[in-house]
$ cat upload-v5.pdb   # PDB, C-alpha atoms
ATOM      1  CA  MET A   1       0.000   0.000   0.000  1.00  0.00           C
ATOM      2  CA  VAL A   2       1.325   3.444  -0.964  1.00  0.00           C
ATOM      3  CA  SER A   3       1.548   5.870   1.952  1.00  0.00           C
ATOM      4  CA  PHE A   4       0.581   9.523   1.579  1.00  0.00           C
ATOM      5  CA  VAL A   5       4.031  10.627   2.742  1.00  0.00           C
ATOM      6  CA  ASP A   6       5.793   8.468   0.132  1.00  0.00           C
ATOM      7  CA  PHE A   7       3.429   9.690  -2.594  1.00  0.00           C
ATOM      8  CA  TRP A   8       3.873  13.342  -1.571  1.00  0.00           C
ATOM      9  CA  LEU A   9       7.669  13.027  -1.370  1.00  0.00           C
ATOM     10  CA  GLY A  10       7.787  11.354  -4.784  1.00  0.00           C
ATOM     11  CA  GLN A  11       5.745  14.164  -6.315  1.00  0.00           C
ATOM     12  CA  GLN A  12       8.046  16.798  -4.796  1.00  0.00           C
ATOM     13  CA  LEU A  13      11.108  14.970  -6.098  1.00  0.00           C
ATOM     14  CA  ARG A  14       9.699  14.599  -9.622  1.00  0.00           C
ATOM     15  CA  ASP A  15       8.684  18.284  -9.737  1.00  0.00           C
ATOM     16  CA  ILE A  16      12.148  19.468  -8.679  1.00  0.00           C
ATOM     17  CA  ARG A  17      13.885  17.145 -11.152  1.00  0.00           C
ATOM     18  CA  ARG A  18      11.658  18.253 -14.041  1.00  0.00           C
ATOM     19  CA  ARG A  19      12.053  21.962 -13.186  1.00  0.00           C
ATOM     20  CA  GLN A  20      15.812  21.452 -13.437  1.00  0.00           C
ATOM     21  CA  GLY A  21      15.388  19.733 -16.809  1.00  0.00           C
ATOM     22  CA  LEU A  22      17.058  16.529 -15.608  1.00  0.00           C
ATOM     23  CA  SER A  23      16.187  12.996 -16.685  1.00  0.00           C
ATOM     24  CA  LEU A  24      15.693  10.059 -14.331  1.00  0.00           C
ATOM     25  CA  GLU A  25      18.923   8.605 -15.684  1.00  0.00           C
ATOM     26  CA  GLN A  26      20.952  11.761 -14.969  1.00  0.00           C
ATOM     27  CA  VAL A  27      19.756  12.042 -11.355  1.00  0.00           C
ATOM     28  CA  ALA A  28      20.075   8.293 -10.702  1.00  0.00           C
ATOM     29  CA  ARG A  29      23.662   8.278 -11.999  1.00  0.00           C
ATOM     30  CA  LYS A  30      24.650  11.322  -9.885  1.00  0.00           C
ATOM     31  CA  ALA A  31      22.937   9.856  -6.796  1.00  0.00           C
ATOM     32  CA  ASP A  32      24.477   6.418  -7.403  1.00  0.00           C
ATOM     33  CA  ILE A  33      21.120   4.594  -7.325  1.00  0.00           C
ATOM     34  CA  SER A  34      19.332   2.597  -9.998  1.00  0.00           C
ATOM     35  CA  ILE A  35      16.897   4.271 -12.397  1.00  0.00           C
ATOM     36  CA  GLY A  36      14.244   1.777 -11.268  1.00  0.00           C
ATOM     37  CA  SER A  37      14.693   2.725  -7.609  1.00  0.00           C
ATOM     38  CA  LEU A  38      14.468   6.436  -8.395  1.00  0.00           C
ATOM     39  CA  SER A  39      11.367   5.851 -10.524  1.00  0.00           C
ATOM     40  CA  GLN A  40       9.681   3.898  -7.701  1.00  0.00           C
ATOM     41  CA  ILE A  41      10.523   6.673  -5.219  1.00  0.00           C
ATOM     42  CA  GLU A  42       9.062   9.312  -7.555  1.00  0.00           C
ATOM     43  CA  ARG A  43       5.871   7.290  -7.967  1.00  0.00           C
ATOM     44  CA  GLY A  44       5.564   6.857  -4.181  1.00  0.00           C
ATOM     45  CA  MET A  45       5.862   3.089  -4.463  1.00  0.00           C
ATOM     46  CA  THR A  46       8.792   2.774  -2.057  1.00  0.00           C
ATOM     47  CA  SER A  47      10.122   4.596   1.008  1.00  0.00           C
ATOM     48  CA  PRO A  48      13.624   5.937   0.437  1.00  0.00           C
ATOM     49  CA  THR A  49      16.187   5.733   3.214  1.00  0.00           C
ATOM     50  CA  VAL A  50      17.631   8.942   4.663  1.00  0.00           C
ATOM     51  CA  ASN A  51      20.921   8.007   2.979  1.00  0.00           C
ATOM     52  CA  MET A  52      19.143   7.788  -0.396  1.00  0.00           C
ATOM     53  CA  LEU A  53      17.413  11.124   0.197  1.00  0.00           C
ATOM     54  CA  ASN A  54      20.776  12.719   0.995  1.00  0.00           C
ATOM     55  CA  ARG A  55      22.254  11.350  -2.248  1.00  0.00           C
ATOM     56  CA  ILE A  56      19.237  12.434  -4.321  1.00  0.00           C
ATOM     57  CA  SER A  57      19.242  15.946  -2.845  1.00  0.00           C
ATOM     58  CA  GLY A  58      22.974  16.149  -3.586  1.00  0.00           C
ATOM     59  CA  ALA A  59      22.348  15.085  -7.188  1.00  0.00           C
ATOM     60  CA  LEU A  60      19.737  17.841  -7.474  1.00  0.00           C
ATOM     61  CA  ASN A  61      22.048  20.399  -5.776  1.00  0.00           C
ATOM     62  CA  ILE A  62      19.472  21.212  -3.118  1.00  0.00           C
ATOM     63  CA  SER A  63      19.428  20.744   0.633  1.00  0.00           C
ATOM     64  CA  LEU A  64      17.514  17.857   2.130  1.00  0.00           C
ATOM     65  CA  ASN A  65      15.287  20.481   3.751  1.00  0.00           C
ATOM     66  CA  GLU A  66      14.386  21.873   0.319  1.00  0.00           C
ATOM     67  CA  LEU A  67      13.654  18.394  -0.991  1.00  0.00           C
ATOM     68  CA  LEU A  68      11.299  17.649   1.877  1.00  0.00           C
ATOM     69  CA  SER A  69       9.590  21.009   2.078  1.00  0.00           C
ATOM     70  CA  ASN A  70       9.646  22.340  -1.503  1.00  0.00           C
ATOM     71  CA  THR A  71       7.908  25.492  -0.347  1.00  0.00           C
ATOM     72  CA  GLU A  72       8.550  29.144  -0.927  1.00  0.00           C
ATOM     73  CA  CYS A  73       9.924  31.128   2.000  1.00  0.00           C
ATOM     74  CA  THR A  74       7.371  33.229   3.808  1.00  0.00           C
ATOM     75  CA  ASP A  75       7.723  36.388   5.847  1.00  0.00           C
ATOM     76  CA  GLU A  76       7.215  34.243   8.943  1.00  0.00           C
ATOM     77  CA  GLN A  77      10.332  32.295   7.983  1.00  0.00           C
ATOM     78  CA  THR A  78      12.241  35.562   7.480  1.00  0.00           C
ATOM     79  CA  ASP A  79      12.877  34.811   3.834  1.00  0.00           C
ATOM     80  CA  GLY A  80      14.527  31.445   4.509  1.00  0.00           C
ATOM     81  CA  TRP A  81      17.241  32.674   6.871  1.00  0.00           C
ATOM     82  CA  VAL A  82      15.358  31.303   9.905  1.00  0.00           C
ATOM     83  CA  ALA A  83      13.542  27.980  10.304  1.00  0.00           C
ATOM     84  CA  ARG A  84      10.835  28.164  12.960  1.00  0.00           C
ATOM     85  CA  ALA A  85      10.398  25.104  15.173  1.00  0.00           C
ATOM     86  CA  ALA A  86       6.852  24.603  13.901  1.00  0.00           C
ATOM     87  CA  SER A  87       8.133  24.324  10.303  1.00  0.00           C
ATOM     88  CA  HIS A  88      10.746  21.625  10.954  1.00  0.00           C
ATOM     89  CA  LYS A  89      10.138  18.472   8.938  1.00  0.00           C
ATOM     90  CA  GLN A  90      10.204  15.200  10.825  1.00  0.00           C
ATOM     91  CA  VAL A  91      11.157  11.708   9.666  1.00  0.00           C
ATOM     92  CA  VAL A  92      10.121   8.820  11.922  1.00  0.00           C
ATOM     93  CA  MET A  93      12.112   5.614  11.539  1.00  0.00           C
ATOM     94  CA  LYS A  94      10.140   3.223  13.739  1.00  0.00           C
ATOM     95  CA  ASP A  95      12.314   0.209  12.943  1.00  0.00           C
ATOM     96  CA  LYS A  96      15.437   2.048  14.148  1.00  0.00           C
ATOM     97  CA  LYS A  97      13.652   3.875  17.013  1.00  0.00           C
ATOM     98  CA  ILE A  98      14.714   7.280  15.711  1.00  0.00           C
ATOM     99  CA  ILE A  99      12.810  10.524  15.226  1.00  0.00           C
ATOM    100  CA  LYS A 100      14.849  12.857  13.028  1.00  0.00           C
ATOM    101  CA  LYS A 101      13.990  16.534  12.582  1.00  0.00           C
ATOM    102  CA  ILE A 102      15.444  18.484   9.699  1.00  0.00           C
ATOM    103  CA  ILE A 103      16.116  21.902  11.207  1.00  0.00           C
ATOM    104  CA  THR A 104      18.201  23.544   8.466  1.00  0.00           C
ATOM    105  CA  PRO A 105      16.961  26.975   7.343  1.00  0.00           C
ATOM    106  CA  ALA A 106      16.073  26.929   3.621  1.00  0.00           C
ATOM    107  CA  ARG A 107      18.822  29.389   2.647  1.00  0.00           C
ATOM    108  CA  CYS A 108      21.600  27.324   4.206  1.00  0.00           C
ATOM    109  CA  ARG A 109      23.721  25.953   1.360  1.00  0.00           C
ATOM    110  CA  SER A 110      26.925  24.644   2.947  1.00  0.00           C
ATOM    111  CA  LEU A 111      25.597  22.461   5.757  1.00  0.00           C
ATOM    112  CA  ASP A 112      22.557  20.597   7.051  1.00  0.00           C
ATOM    113  CA  LEU A 113      21.343  20.522  10.650  1.00  0.00           C
ATOM    114  CA  TYR A 114      19.418  17.614  12.143  1.00  0.00           C
ATOM    115  CA  GLN A 115      18.073  16.860  15.578  1.00  0.00           C
ATOM    116  CA  ALA A 116      17.691  13.170  16.311  1.00  0.00           C
ATOM    117  CA  ILE A 117      15.804  11.678  19.235  1.00  0.00           C
ATOM    118  CA  ILE A 118      17.109   8.138  19.619  1.00  0.00           C
ATOM    119  CA  GLN A 119      14.829   6.028  21.768  1.00  0.00           C
ATOM    120  CA  PRO A 120      16.160   3.334  24.135  1.00  0.00           C
ATOM    121  CA  GLY A 121      17.779   0.607  22.033  1.00  0.00           C
ATOM    122  CA  GLY A 122      17.611   2.778  18.906  1.00  0.00           C
ATOM    123  CA  SER A 123      20.519   2.625  16.484  1.00  0.00           C
ATOM    124  CA  SER A 124      21.780   3.250  12.980  1.00  0.00           C
ATOM    125  CA  GLY A 125      21.617  -0.526  12.472  1.00  0.00           C
ATOM    126  CA  ASP A 126      24.131  -3.355  12.326  1.00  0.00           C
ATOM    127  CA  GLU A 127      25.646  -2.285   9.008  1.00  0.00           C
ATOM    128  CA  TRP A 128      28.545   0.158   8.829  1.00  0.00           C
ATOM    129  CA  ILE A 129      27.542   3.470   7.204  1.00  0.00           C
ATOM    130  CA  THR A 130      29.542   5.622   4.801  1.00  0.00           C
ATOM    131  CA  THR A 131      28.224   8.624   2.879  1.00  0.00           C
ATOM    132  CA  ARG A 132      29.419  11.131   0.326  1.00  0.00           C
ATOM    133  CA  SER A 133      28.667  14.392   2.084  1.00  0.00           C
ATOM    134  CA  GLY A 134      31.574  16.055   3.835  1.00  0.00           C
ATOM    135  CA  GLU A 135      32.387  16.360   7.484  1.00  0.00           C
ATOM    136  CA  ILE A 136      29.936  15.266  10.153  1.00  0.00           C
ATOM    137  CA  SER A 137      29.922  16.668  13.662  1.00  0.00           C
ATOM    138  CA  GLY A 138      27.531  16.334  16.569  1.00  0.00           C
ATOM    139  CA  LEU A 139      26.613  17.404  20.067  1.00  0.00           C
ATOM    140  CA  ILE A 140      24.920  15.161  22.619  1.00  0.00           C
ATOM    141  CA  ILE A 141      22.172  17.418  23.972  1.00  0.00           C
ATOM    142  CA  TYR A 142      21.054  14.820  26.509  1.00  0.00           C
ATOM    143  CA  GLY A 143      21.396  11.094  27.074  1.00  0.00           C
ATOM    144  CA  GLN A 144      24.215   8.813  25.936  1.00  0.00           C
ATOM    145  CA  LEU A 145      25.420   7.576  22.567  1.00  0.00           C
ATOM    146  CA  GLN A 146      27.692   4.664  21.697  1.00  0.00           C
ATOM    147  CA  LEU A 147      29.694   5.578  18.596  1.00  0.00           C
ATOM    148  CA  TRP A 148      31.922   3.340  16.497  1.00  0.00           C
ATOM    149  CA  PHE A 149      33.948   5.055  13.761  1.00  0.00           C
ATOM    150  CA  ASP A 150      37.243   4.477  11.986  1.00  0.00           C
ATOM    151  CA  ASN A 151      38.273   1.579  14.289  1.00  0.00           C
ATOM    152  CA  ARG A 152      37.358   3.562  17.409  1.00  0.00           C
ATOM    153  CA  TYR A 153      34.663   3.089  20.036  1.00  0.00           C
ATOM    154  CA  VAL A 154      33.513   5.891  22.329  1.00  0.00           C
ATOM    155  CA  ARG A 155      30.643   6.347  24.743  1.00  0.00           C
ATOM    156  CA  LEU A 156      29.424   9.933  24.633  1.00  0.00           C
ATOM    157  CA  GLU A 157      27.403  11.802  27.250  1.00  0.00           C
ATOM    158  CA  GLN A 158      25.611  15.137  27.546  1.00  0.00           C
ATOM    159  CA  ASN A 159      27.584  18.075  26.036  1.00  0.00           C
ATOM    160  CA  ASP A 160      30.204  15.757  24.467  1.00  0.00           C
ATOM    161  CA  THR A 161      30.927  16.524  20.815  1.00  0.00           C
ATOM    162  CA  PHE A 162      32.317  14.409  17.984  1.00  0.00           C
ATOM    163  CA  CYS A 163      33.478  14.742  14.397  1.00  0.00           C
ATOM    164  CA  TYR A 164      34.370  12.382  11.541  1.00  0.00           C
ATOM    165  CA  THR A 165      34.510  12.466   7.757  1.00  0.00           C
ATOM    166  CA  SER A 166      31.683  11.017   5.694  1.00  0.00           C
ATOM    167  CA  GLU A 167      33.927   8.307   4.232  1.00  0.00           C
ATOM    168  CA  MET A 168      34.729   6.842   7.664  1.00  0.00           C
ATOM    169  CA  PRO A 169      32.712   3.669   8.333  1.00  0.00           C
ATOM    170  CA  ARG A 170      30.545   4.228  11.415  1.00  0.00           C
ATOM    171  CA  LYS A 171      27.519   3.131  13.396  1.00  0.00           C
ATOM    172  CA  TRP A 172      25.927   4.255  16.636  1.00  0.00           C
ATOM    173  CA  SER A 173      23.292   3.331  19.219  1.00  0.00           C
ATOM    174  CA  ASN A 174      21.548   4.446  22.389  1.00  0.00           C
ATOM    175  CA  PRO A 175      22.474   1.829  25.030  1.00  0.00           C
ATOM    176  CA  THR A 176      20.327   3.328  27.803  1.00  0.00           C
ATOM    177  CA  ASP A 177      16.698   3.067  28.902  1.00  0.00           C
ATOM    178  CA  GLN A 178      16.097   6.797  28.245  1.00  0.00           C
ATOM    179  CA  ASP A 179      15.952   8.919  25.098  1.00  0.00           C
ATOM    180  CA  THR A 180      19.116  10.449  23.677  1.00  0.00           C
ATOM    181  CA  CYS A 181      19.031  13.725  21.723  1.00  0.00           C
ATOM    182  CA  VAL A 182      21.812  14.546  19.258  1.00  0.00           C
ATOM    183  CA  LEU A 183      22.341  17.666  17.156  1.00  0.00           C
ATOM    184  CA  TRP A 184      24.041  16.656  13.876  1.00  0.00           C
ATOM    185  CA  VAL A 185      25.856  19.126  11.603  1.00  0.00           C
ATOM    186  CA  ILE A 186      26.775  17.820   8.156  1.00  0.00           C
ATOM    187  CA  THR A 187      28.772  19.850   5.647  1.00  0.00           C
ATOM    188  CA  LYS A 188      27.912  19.542   1.989  1.00  0.00           C
ATOM    189  CA  PRO A 189      30.362  19.314  -0.874  1.00  0.00           C
ATOM    190  CA  GLU A 190      30.729  22.524  -2.853  1.00  0.00           C
ATOM    191  CA  ARG A 191      28.314  22.772  -5.739  1.00  0.00           C
ATOM    192  CA  GLU A 192      29.686  22.336  -9.199  1.00  0.00           C
TER     193      GLU A 192
END
$ encode --input "upload-v5.pdb" --output "structure tokens"
Amino acid sequence: MVSFVDFWLGQQLRDIRRRQGLSLEQVARKADISIGSLSQIERGMTSPTVNMLNRISGALNISLNELLSNTECTDEQTDGWVARAASHKQVVMKDKKIIKKIITPARCRSLDLYQAIIQPGGSSGDEWITTRSGEISGLIIYGQLQLWFDNRYVRLEQNDTFCYTSEMPRKWSNPTDQDTCVLWVITKPERE
């Protein structure tokens, strides 16, 4: 069954791609995903992962926030320089026990900001993650986070910060019985 969110996201993606005059093949190649997968996402037939959405937004040279909102800036949003809390988009990943808010103002071009609430036992999964963004840094707002990256293991607590490059294999989890909140800052490669 097609969900409304998947259908809506697919429509937004297709509209942005067409406005830029790009073919499915061009975007799929730049995002390093198959044409079939991109087509299914655009038709709302499948739910893309956050990693896929990051790659697709990079291929379209837009922020993930723009991809998810696709709205014009209003006076209330101070012309895109401010993102009000009520306008933050939220992605719920029930299987990973994560609620991720995209808090980047629309005009921000060089980095993305995310706030993740990681529920007890929540994690990035068993697989090691690598991406093609830039540098990734974070702040533990509250709770604890187990982080494995580049052959290192650390247990982070409130107000601890971390940084690694996107190519470093990593994974993380919340080992406690309380929520953990992390502010993520991810730099984006310079646009061509």
$ residues_around --input "upload-v5.pdb" --residues "Ile41 of chain A" --least-positions-apart "2" --cutoff "12 Å" --atoms "all atoms listed in the file" --output "ChimeraX atom specification"
/A:2-3,5-14,24,28,33-39,43-49,52-53,56
$ residues_around --input "upload-v5.pdb" --residues "segment 112-117 of chain A" --least-positions-apart "3" --cutoff "9 Å" --atoms "all atoms listed in the file" --output "ChimeraX atom specification"
/A:63-65,97-105,108-109,179-188
$ residues_near_point --input "upload-v5.pdb" --point "(24.0, 9.2, -3.2)" --cutoff "8 Å" --atoms "only C-alpha atoms" --output "ChimeraX atom specification"
/A:30-33,51-56,58-59,131-132
$ write_last_selection --input "upload-v5.pdb" --atoms "C-alpha atoms" --output "tab-separated table (two decimals), keeping the file's coordinate frame"
chain	number	residue	atom	x	y	z
A	30	LYS	CA	24.65	11.32	-9.88
A	31	ALA	CA	22.94	9.86	-6.80
A	32	ASP	CA	24.48	6.42	-7.40
A	33	ILE	CA	21.12	4.59	-7.32
A	51	ASN	CA	20.92	8.01	2.98
A	52	MET	CA	19.14	7.79	-0.40
A	53	LEU	CA	17.41	11.12	0.20
A	54	ASN	CA	20.78	12.72	1.00
A	55	ARG	CA	22.25	11.35	-2.25
A	56	ILE	CA	19.24	12.43	-4.32
A	58	GLY	CA	22.97	16.15	-3.59
A	59	ALA	CA	22.35	15.08	-7.19
A	131	THR	CA	28.22	8.62	2.88
A	132	ARG	CA	29.42	11.13	0.33
$ atom_distance --input "upload-v5.pdb" --atom1 "atom CA of Asn151 of chain A" --atom2 "atom CA of Glu167 of chain A"
12.9 Å
$ atom_distance --input "upload-v5.pdb" --atom1 "atom CA of Val82 of chain A" --atom2 "atom CA of Ile62 of chain A"
17.0 Å
$ atom_distance --input "upload-v5.pdb" --atom1 "atom CA of Glu42 of chain A" --atom2 "atom CA of Leu111 of chain A"
25.0 Å
$ resolve_selection --input "upload-v5.pdb" --expression "the PyMOL selection byres ((chain A and resi 95) around 10)" --output "ChimeraX atom specification"
/A:92-94,96-98,122-125
$ write_last_selection --input "upload-v5.pdb" --atoms "C-alpha atoms" --output "mmCIF file, in the frame of the given file"
data_model
loop_
_atom_site.group_PDB
_atom_site.id
_atom_site.type_symbol
_atom_site.label_atom_id
_atom_site.label_comp_id
_atom_site.auth_asym_id
_atom_site.auth_seq_id
_atom_site.Cartn_x
_atom_site.Cartn_y
_atom_site.Cartn_z
ATOM 1 C CA VAL A 92 10.121 8.820 11.922
ATOM 2 C CA MET A 93 12.112 5.614 11.539
ATOM 3 C CA LYS A 94 10.140 3.223 13.739
ATOM 4 C CA LYS A 96 15.437 2.048 14.148
ATOM 5 C CA LYS A 97 13.652 3.875 17.013
ATOM 6 C CA ILE A 98 14.714 7.280 15.711
ATOM 7 C CA GLY A 122 17.611 2.778 18.906
ATOM 8 C CA SER A 123 20.519 2.625 16.484
ATOM 9 C CA SER A 124 21.780 3.250 12.980
ATOM 10 C CA GLY A 125 21.617 -0.526 12.472
#
